[in-house]
Amino acid sequence: MKISEKQIEQVNSRIKALISAGSFYGRKLAAAGITRIESPEDFEKLPFSEKSDLRDAYPLGLMTAPEEEIVRIHSSSGTTGLPVIIPYTAKDVDDWAIMFARCYETAGITKKDRIQITPGYGLWTAGIGFQLGCEKLGAMAIPMGPGNTDKQIQMMIDMESTVLCSTSSYALLLAEEIAKRGVKDKIHLKKGIIGSERWGDTMRKRIHEELGIELYDIYGLTEIYGPGIGINCPGETGMHYWDDYIYIEIIDPVTGEVLPDGEYGEIVCTTLVKEGAPLIRYRTHDLSRILPEPCKCGRSYPRIDIIKGRTDDMMKIKGVNVFPSQIEEILQAFPEVSSEYQIRISHLDGRDTLRIYVETSGHTDFADLSDRIAARVKSKIGFTPLVKVVELGVLPRSEKKTKRVIDERYE
C-alpha cells in the first residue's frame, strides 16, 4: 500500500518541523540535503529511525514543538538502557484520544458501557490511554490500575463493569480467580480490550470461554502515541489502523526492503500529524503483514494482521534461530496443553540447553506428553528440548506481562 499524495504532504510538514527543531532526524535529513519528498519512491529512500536514536536523544532531544506547547511526557521502559521520553502537545493528546475512542467504537462499545481499566498509569502510556479514549467516547471509566485482584473483582461485581481492559496475562489471571471463587454469575463483562503483549489462540480461547466475553486486540506503542492506533473488528483477526494519523510499511527486517502487501515482515510506522515528537519510518520490531483485501465489516481503514512476534525475540540456541512464536505454534497442536508455558535457556557442560515447561489442562500421561512435545520440537526446529509437564496453575501468573523466556546464559 503506497503512501498517498495527502500523506506525502503531511510527511513534508513533519520534515520541515524536524529540521527546524534540529532533532536527531532533522539533522539526518539536513545532512542528506533532504527538505521535502515528492513521491512514494522518495519516501522509501528516507532513513529509518530506531529505538537507539530515541535513547540517544534522552531526555528531551525528541521535542519538536516549542516547549511552551508541550503539556505532557510519557516514557517507554528503561530496562535495557536509558528510557525514551516522548513529549506530547495538547493536540497530540486529543488526537490519541480520538484514535482510542475509534477503537472502542470498532469493538461495539458505547456510552452506556462501564470500562474497567487495569493497565498501569504514570509514565507508561497504557492506563491513561485507555482512560482518554473512554472519556472521549463518553463511557464510564473505572480507573483501577494494576494489581490488587481482590479489589478488582469486587469492583467488577459492584460496578457491574461491562468491559475489561488489560494485558492477556492479567485477563487470564482474573478469569482463573473468578472461576476459583465461583462468582462468574455475578460478573457482567461483555468485552475485553487486550493489549501490550502477543498472545496465542490457546490463551485467547481460554479467556473467551472462562469469562464468556468477546475479545479484541488493541495495538500501539509508546513511541507512536501509545495503545489505540489500531484494533480488530468483530469476527475478524486483522487490526484496522488509523491511516489519517499513522502510515505503516512492512519491511524485510534484514535488508530493510519494503515488502509487498500480504508478506510478513517488520512494522515501520510514520506519524503524519504528531507535533511533540513526530517519527518518520520508525522501526517497531513487531512482526506482521498488511492485509490488502477489503474487510468484511465495510470499514475503509487499512489492516495489519495480528502481531506474530518481534524481531528482537529471537533466541539463538545451538546455532539455530528460534522464536517463541514457533514454540507456541507447536504447543497449540496439543489439545492437552493449556495456554501457559515457559522457556528456559541455560548453558551446561559446554552446551546450550532448552527447557520448556507446559501446563496440562486435562488428565494425561505426563511422560508421554513430554516425549511427544519434545519430538515435535525436534522435527520442527532441529534439536530436542527438555520438556517438563506440570499441572494447571503451577507456572507463575502476572498482573502485567508474563515473562515467557528466561535466558539464564547471561545471568
# chains A, B, ... in the order shown; residues from 1 in each chain; ligands from 1
$ residues_around --residues "Ile193 in chain A" --least-positions-apart "5" --cutoff "7 Å" --atoms "only C-alpha atoms" --output "JSON, numbers by chain"
{"A": [164, 165, 166, 215, 216, 217, 218]}
$ closest_atom_pairs --of "range 210-236 of chain A" --to "range 102-118 of chain A" --cutoff "9 Å" --atoms "only C-alpha atoms" --output "Markdown table"
| residue | atom | partner | partner_atom | distance |
| --- | --- | --- | --- | --- |
| A:Glu214 | CA | A:Ala107 | CA | 8.8 |
| A:Leu215 | CA | A:Ala107 | CA | 8.7 |
| A:Tyr216 | CA | A:Ala107 | CA | 7.0 |
| A:Ile218 | CA | A:Cys103 | CA | 7.5 |
| A:Gly228 | CA | A:Cys103 | CA | 6.3 |
| A:Ile229 | CA | A:Cys103 | CA | 7.8 |
| A:Gly230 | CA | A:Cys103 | CA | 6.6 |
| A:Ile231 | CA | A:Cys103 | CA | 5.7 |
| A:Asn232 | CA | A:Thr106 | CA | 7.6 |
| A:Cys233 | CA | A:Thr106 | CA | 5.7 |
| A:Pro234 | CA | A:Ala107 | CA | 6.4 |
$ select_by_dssp --residues "range 151-289 of chain A" --states "alpha helix (DSSP H)" --output "PyMOL selection string"
chain A and resi 151-158+168-181+201-211
$ atom_distance --atom1 "CA of Ser196 in chain A" --atom2 "CA of Ile330 in chain A"
22.8 Å
$ select_by_dssp --residues "range 176-283 of chain A" --states "strand (DSSP E or B)" --output "ChimeraX atom specification"
/A:191-194,214-221,224-232,239-241,246-251,258,265-271,282-283
$ write_last_selection --atoms "N, CA, C and O atoms" --output "short mmCIF file (atom, residue, chain, number, x, y, z; two decimals), in the first residue's frame"
data_model
loop_
_atom_site.label_atom_id
_atom_site.label_comp_id
_atom_site.auth_asym_id
_atom_site.auth_seq_id
_atom_site.Cartn_x
_atom_site.Cartn_y
_atom_site.Cartn_z
N LYS A 191 -17.11 -7.61 27.02
CA LYS A 191 -16.00 -7.47 26.08
C LYS A 191 -14.68 -7.28 26.82
O LYS A 191 -14.66 -6.75 27.94
N GLY A 192 -13.58 -7.70 26.17
CA GLY A 192 -12.25 -7.47 26.69
C GLY A 192 -11.39 -6.79 25.64
O GLY A 192 -11.35 -7.25 24.48
N ILE A 193 -10.74 -5.69 26.00
CA ILE A 193 -9.82 -4.99 25.10
C ILE A 193 -8.42 -5.31 25.61
O ILE A 193 -8.01 -4.86 26.69
N ILE A 194 -7.69 -6.10 24.84
CA ILE A 194 -6.45 -6.69 25.32
C ILE A 194 -5.26 -6.15 24.54
O ILE A 194 -5.28 -6.12 23.31
N GLU A 214 -16.39 -11.26 24.38
CA GLU A 214 -15.74 -11.01 23.09
C GLU A 214 -14.37 -10.38 23.37
O GLU A 214 -14.24 -9.53 24.26
N LEU A 215 -13.35 -10.78 22.61
CA LEU A 215 -12.00 -10.28 22.84
C LEU A 215 -11.49 -9.51 21.63
O LEU A 215 -11.71 -9.92 20.48
N TYR A 216 -10.80 -8.42 21.91
CA TYR A 216 -10.26 -7.56 20.85
C TYR A 216 -8.79 -7.26 21.12
O TYR A 216 -8.40 -6.97 22.26
N ASP A 217 -7.99 -7.33 20.05
CA ASP A 217 -6.57 -6.97 20.11
C ASP A 217 -6.44 -5.48 19.85
O ASP A 217 -6.86 -4.99 18.80
N ILE A 218 -5.83 -4.76 20.78
CA ILE A 218 -5.55 -3.34 20.54
C ILE A 218 -4.05 -3.19 20.33
O ILE A 218 -3.25 -3.87 20.98
N TYR A 219 -3.68 -2.33 19.39
CA TYR A 219 -2.26 -2.18 19.04
C TYR A 219 -1.77 -0.77 19.32
O TYR A 219 -2.52 0.19 19.22
N GLY A 220 -0.50 -0.68 19.65
CA GLY A 220 0.14 0.62 19.83
C GLY A 220 1.46 0.47 20.55
O GLY A 220 1.79 -0.61 21.06
N LEU A 221 2.23 1.54 20.58
CA LEU A 221 3.49 1.55 21.31
C LEU A 221 3.75 2.98 21.76
O LEU A 221 3.28 3.95 21.14
N ILE A 224 4.78 5.76 19.41
CA ILE A 224 3.77 6.18 18.44
C ILE A 224 2.46 6.41 19.20
O ILE A 224 1.54 5.59 19.13
N TYR A 225 2.37 7.44 20.00
CA TYR A 225 1.22 7.78 20.83
C TYR A 225 1.06 6.85 22.03
O TYR A 225 1.03 7.29 23.18
N GLY A 226 0.94 5.54 21.78
CA GLY A 226 0.61 4.57 22.82
C GLY A 226 -0.42 3.62 22.27
O GLY A 226 -0.68 3.59 21.06
N PRO A 227 -1.06 2.78 23.11
CA PRO A 227 -2.09 1.87 22.60
C PRO A 227 -3.24 2.68 22.01
O PRO A 227 -3.52 3.79 22.45
N GLY A 228 -3.89 2.10 20.99
CA GLY A 228 -5.04 2.79 20.41
C GLY A 228 -4.88 3.17 18.97
O GLY A 228 -5.78 3.77 18.38
N ILE A 229 -3.74 2.82 18.34
CA ILE A 229 -3.58 3.19 16.93
C ILE A 229 -4.17 2.13 16.00
O ILE A 229 -4.20 2.32 14.79
N GLY A 230 -4.68 1.02 16.58
CA GLY A 230 -5.32 0.00 15.77
C GLY A 230 -6.03 -1.03 16.61
O GLY A 230 -5.68 -1.23 17.78
N ILE A 231 -7.05 -1.67 16.04
CA ILE A 231 -7.81 -2.71 16.74
C ILE A 231 -8.53 -3.57 15.70
O ILE A 231 -8.81 -3.11 14.59
N ASN A 232 -8.79 -4.84 16.06
CA ASN A 232 -9.56 -5.68 15.15
C ASN A 232 -11.05 -5.40 15.31
O ASN A 232 -11.50 -4.87 16.33
N MET A 239 -6.25 -6.16 12.25
CA MET A 239 -6.46 -4.92 13.00
C MET A 239 -6.50 -3.71 12.07
O MET A 239 -5.55 -3.46 11.32
N HIS A 240 -7.60 -2.97 12.10
CA HIS A 240 -7.66 -1.69 11.38
C HIS A 240 -6.73 -0.69 12.07
O HIS A 240 -6.68 -0.65 13.30
N TYR A 241 -6.02 0.11 11.29
CA TYR A 241 -5.23 1.20 11.88
C TYR A 241 -5.64 2.50 11.21
O TYR A 241 -6.15 2.52 10.08
N ILE A 246 -1.48 7.66 11.06
CA ILE A 246 -0.32 6.77 11.01
C ILE A 246 -0.18 6.18 9.60
O ILE A 246 -1.17 5.74 9.02
N TYR A 247 1.04 6.13 9.09
CA TYR A 247 1.32 5.40 7.86
C TYR A 247 2.19 4.20 8.22
O TYR A 247 3.18 4.35 8.95
N ILE A 248 1.81 3.02 7.73
CA ILE A 248 2.53 1.79 8.08
C ILE A 248 3.11 1.15 6.81
O ILE A 248 2.43 1.04 5.79
N GLU A 249 4.38 0.75 6.92
CA GLU A 249 5.04 -0.07 5.91
C GLU A 249 5.44 -1.39 6.56
O GLU A 249 5.59 -1.47 7.78
N ILE A 250 5.64 -2.41 5.74
CA ILE A 250 6.20 -3.67 6.21
C ILE A 250 7.52 -3.88 5.46
O ILE A 250 7.54 -3.85 4.22
N ILE A 251 8.60 -4.07 6.22
CA ILE A 251 9.91 -4.22 5.58
C ILE A 251 10.54 -5.57 5.93
O ILE A 251 10.18 -6.21 6.93
N VAL A 258 11.18 -2.63 1.40
CA VAL A 258 9.73 -2.63 1.60
C VAL A 258 9.13 -3.86 0.93
O VAL A 258 9.41 -4.14 -0.24
N GLY A 265 6.68 -9.23 7.71
CA GLY A 265 7.93 -8.53 7.94
C GLY A 265 7.79 -7.62 9.15
O GLY A 265 6.88 -7.80 9.98
N GLU A 266 8.65 -6.64 9.25
CA GLU A 266 8.67 -5.74 10.41
C GLU A 266 7.83 -4.50 10.14
O GLU A 266 7.90 -3.89 9.07
N ILE A 267 7.01 -4.14 11.12
CA ILE A 267 6.17 -2.94 11.01
C ILE A 267 7.04 -1.69 11.17
O ILE A 267 7.82 -1.58 12.13
N VAL A 268 6.90 -0.77 10.23
CA VAL A 268 7.57 0.53 10.29
C VAL A 268 6.48 1.60 10.30
O VAL A 268 5.60 1.61 9.43
N CYS A 269 6.50 2.49 11.30
CA CYS A 269 5.45 3.49 11.48
C CYS A 269 5.96 4.90 11.21
O CYS A 269 7.07 5.25 11.62
N THR A 270 5.13 5.70 10.57
CA THR A 270 5.38 7.14 10.41
C THR A 270 4.18 7.89 10.98
O THR A 270 3.03 7.58 10.64
N THR A 271 4.43 8.84 11.87
CA THR A 271 3.34 9.68 12.41
C THR A 271 3.13 10.84 11.46
O THR A 271 4.07 11.57 11.15
N TYR A 282 9.78 4.75 11.64
CA TYR A 282 10.26 4.19 12.91
C TYR A 282 10.12 2.68 12.90
O TYR A 282 9.02 2.13 12.72
N ARG A 283 11.23 1.99 13.12
CA ARG A 283 11.23 0.52 13.13
C ARG A 283 10.73 0.03 14.48
O ARG A 283 11.37 0.22 15.52
#
$ decode --residues "range 183-255 of chain A" --atoms "C-alpha atoms" --output "mmCIF file, in the first residue's frame"
data_model
loop_
_atom_site.group_PDB
_atom_site.id
_atom_site.type_symbol
_atom_site.label_atom_id
_atom_site.label_comp_id
_atom_site.auth_asym_id
_atom_site.auth_seq_id
_atom_site.Cartn_x
_atom_site.Cartn_y
_atom_site.Cartn_z
ATOM 1 C CA VAL A 183 -18.551 -15.643 41.195
ATOM 2 C CA LYS A 184 -18.905 -15.853 37.411
ATOM 3 C CA ASP A 185 -22.692 -15.416 37.716
ATOM 4 C CA LYS A 186 -22.061 -12.022 39.379
ATOM 5 C CA ILE A 187 -19.827 -10.749 36.574
ATOM 6 C CA HIS A 188 -21.390 -8.548 33.867
ATOM 7 C CA LEU A 189 -18.429 -8.364 31.462
ATOM 8 C CA LYS A 190 -19.250 -8.487 27.747
ATOM 9 C CA LYS A 191 -15.996 -7.471 26.077
ATOM 10 C CA GLY A 192 -12.247 -7.470 26.695
ATOM 11 C CA ILE A 193 -9.820 -4.988 25.103
ATOM 12 C CA ILE A 194 -6.448 -6.694 25.320
ATOM 13 C CA GLY A 195 -3.060 -5.185 24.568
ATOM 14 C CA SER A 196 0.617 -4.843 25.466
ATOM 15 C CA GLU A 197 1.771 -8.398 24.717
ATOM 16 C CA ARG A 198 1.419 -11.003 21.983
ATOM 17 C CA TRP A 199 -0.984 -13.806 22.854
ATOM 18 C CA GLY A 200 -1.827 -17.034 21.094
ATOM 19 C CA ASP A 201 -5.049 -18.772 20.097
ATOM 20 C CA THR A 202 -4.974 -21.126 23.094
ATOM 21 C CA MET A 203 -4.858 -18.274 25.588
ATOM 22 C CA ARG A 204 -7.493 -16.352 23.635
ATOM 23 C CA LYS A 205 -9.810 -19.378 23.715
ATOM 24 C CA ARG A 206 -9.307 -19.901 27.463
ATOM 25 C CA ILE A 207 -10.087 -16.278 28.343
ATOM 26 C CA HIS A 208 -13.091 -16.227 25.998
ATOM 27 C CA GLU A 209 -14.540 -19.435 27.412
ATOM 28 C CA GLU A 210 -13.841 -18.743 31.090
ATOM 29 C CA LEU A 211 -15.125 -15.147 31.074
ATOM 30 C CA GLY A 212 -17.648 -15.575 28.251
ATOM 31 C CA ILE A 213 -16.626 -12.310 26.564
ATOM 32 C CA GLU A 214 -15.738 -11.010 23.094
ATOM 33 C CA LEU A 215 -12.001 -10.279 22.837
ATOM 34 C CA TYR A 216 -10.263 -7.557 20.854
ATOM 35 C CA ASP A 217 -6.570 -6.969 20.113
ATOM 36 C CA ILE A 218 -5.552 -3.341 20.539
ATOM 37 C CA TYR A 219 -2.261 -2.185 19.044
ATOM 38 C CA GLY A 220 0.144 0.621 19.828
ATOM 39 C CA LEU A 221 3.488 1.555 21.315
ATOM 40 C CA THR A 222 4.703 4.418 23.471
ATOM 41 C CA GLU A 223 6.831 5.944 20.741
ATOM 42 C CA ILE A 224 3.767 6.178 18.440
ATOM 43 C CA TYR A 225 1.218 7.785 20.832
ATOM 44 C CA GLY A 226 0.612 4.573 22.821
ATOM 45 C CA PRO A 227 -2.086 1.871 22.600
ATOM 46 C CA GLY A 228 -5.043 2.786 20.412
ATOM 47 C CA ILE A 229 -3.577 3.186 16.930
ATOM 48 C CA GLY A 230 -5.318 0.000 15.765
ATOM 49 C CA ILE A 231 -7.813 -2.711 16.739
ATOM 50 C CA ASN A 232 -9.563 -5.680 15.151
ATOM 51 C CA CYS A 233 -13.260 -5.536 14.336
ATOM 52 C CA PRO A 234 -15.906 -8.096 15.404
ATOM 53 C CA GLY A 235 -15.321 -11.506 13.876
ATOM 54 C CA GLU A 236 -12.030 -10.580 12.197
ATOM 55 C CA THR A 237 -8.429 -11.005 13.400
ATOM 56 C CA GLY A 238 -6.888 -8.262 11.235
ATOM 57 C CA MET A 239 -6.462 -4.920 13.003
ATOM 58 C CA HIS A 240 -7.657 -1.695 11.378
ATOM 59 C CA TYR A 241 -5.231 1.201 11.881
ATOM 60 C CA TRP A 242 -5.968 4.889 11.525
ATOM 61 C CA ASP A 243 -4.176 5.972 8.372
ATOM 62 C CA ASP A 244 -5.155 9.620 8.777
ATOM 63 C CA TYR A 245 -2.730 9.645 11.731
ATOM 64 C CA ILE A 246 -0.317 6.768 11.011
ATOM 65 C CA TYR A 247 1.321 5.399 7.864
ATOM 66 C CA ILE A 248 2.526 1.792 8.075
ATOM 67 C CA GLU A 249 5.037 -0.074 5.905
ATOM 68 C CA ILE A 250 6.204 -3.674 6.210
ATOM 69 C CA ILE A 251 9.913 -4.222 5.582
ATOM 70 C CA ASP A 252 12.325 -7.127 5.420
ATOM 71 C CA PRO A 253 13.963 -6.866 8.878
ATOM 72 C CA VAL A 254 17.369 -7.835 7.452
ATOM 73 C CA THR A 255 17.569 -5.864 4.196
#
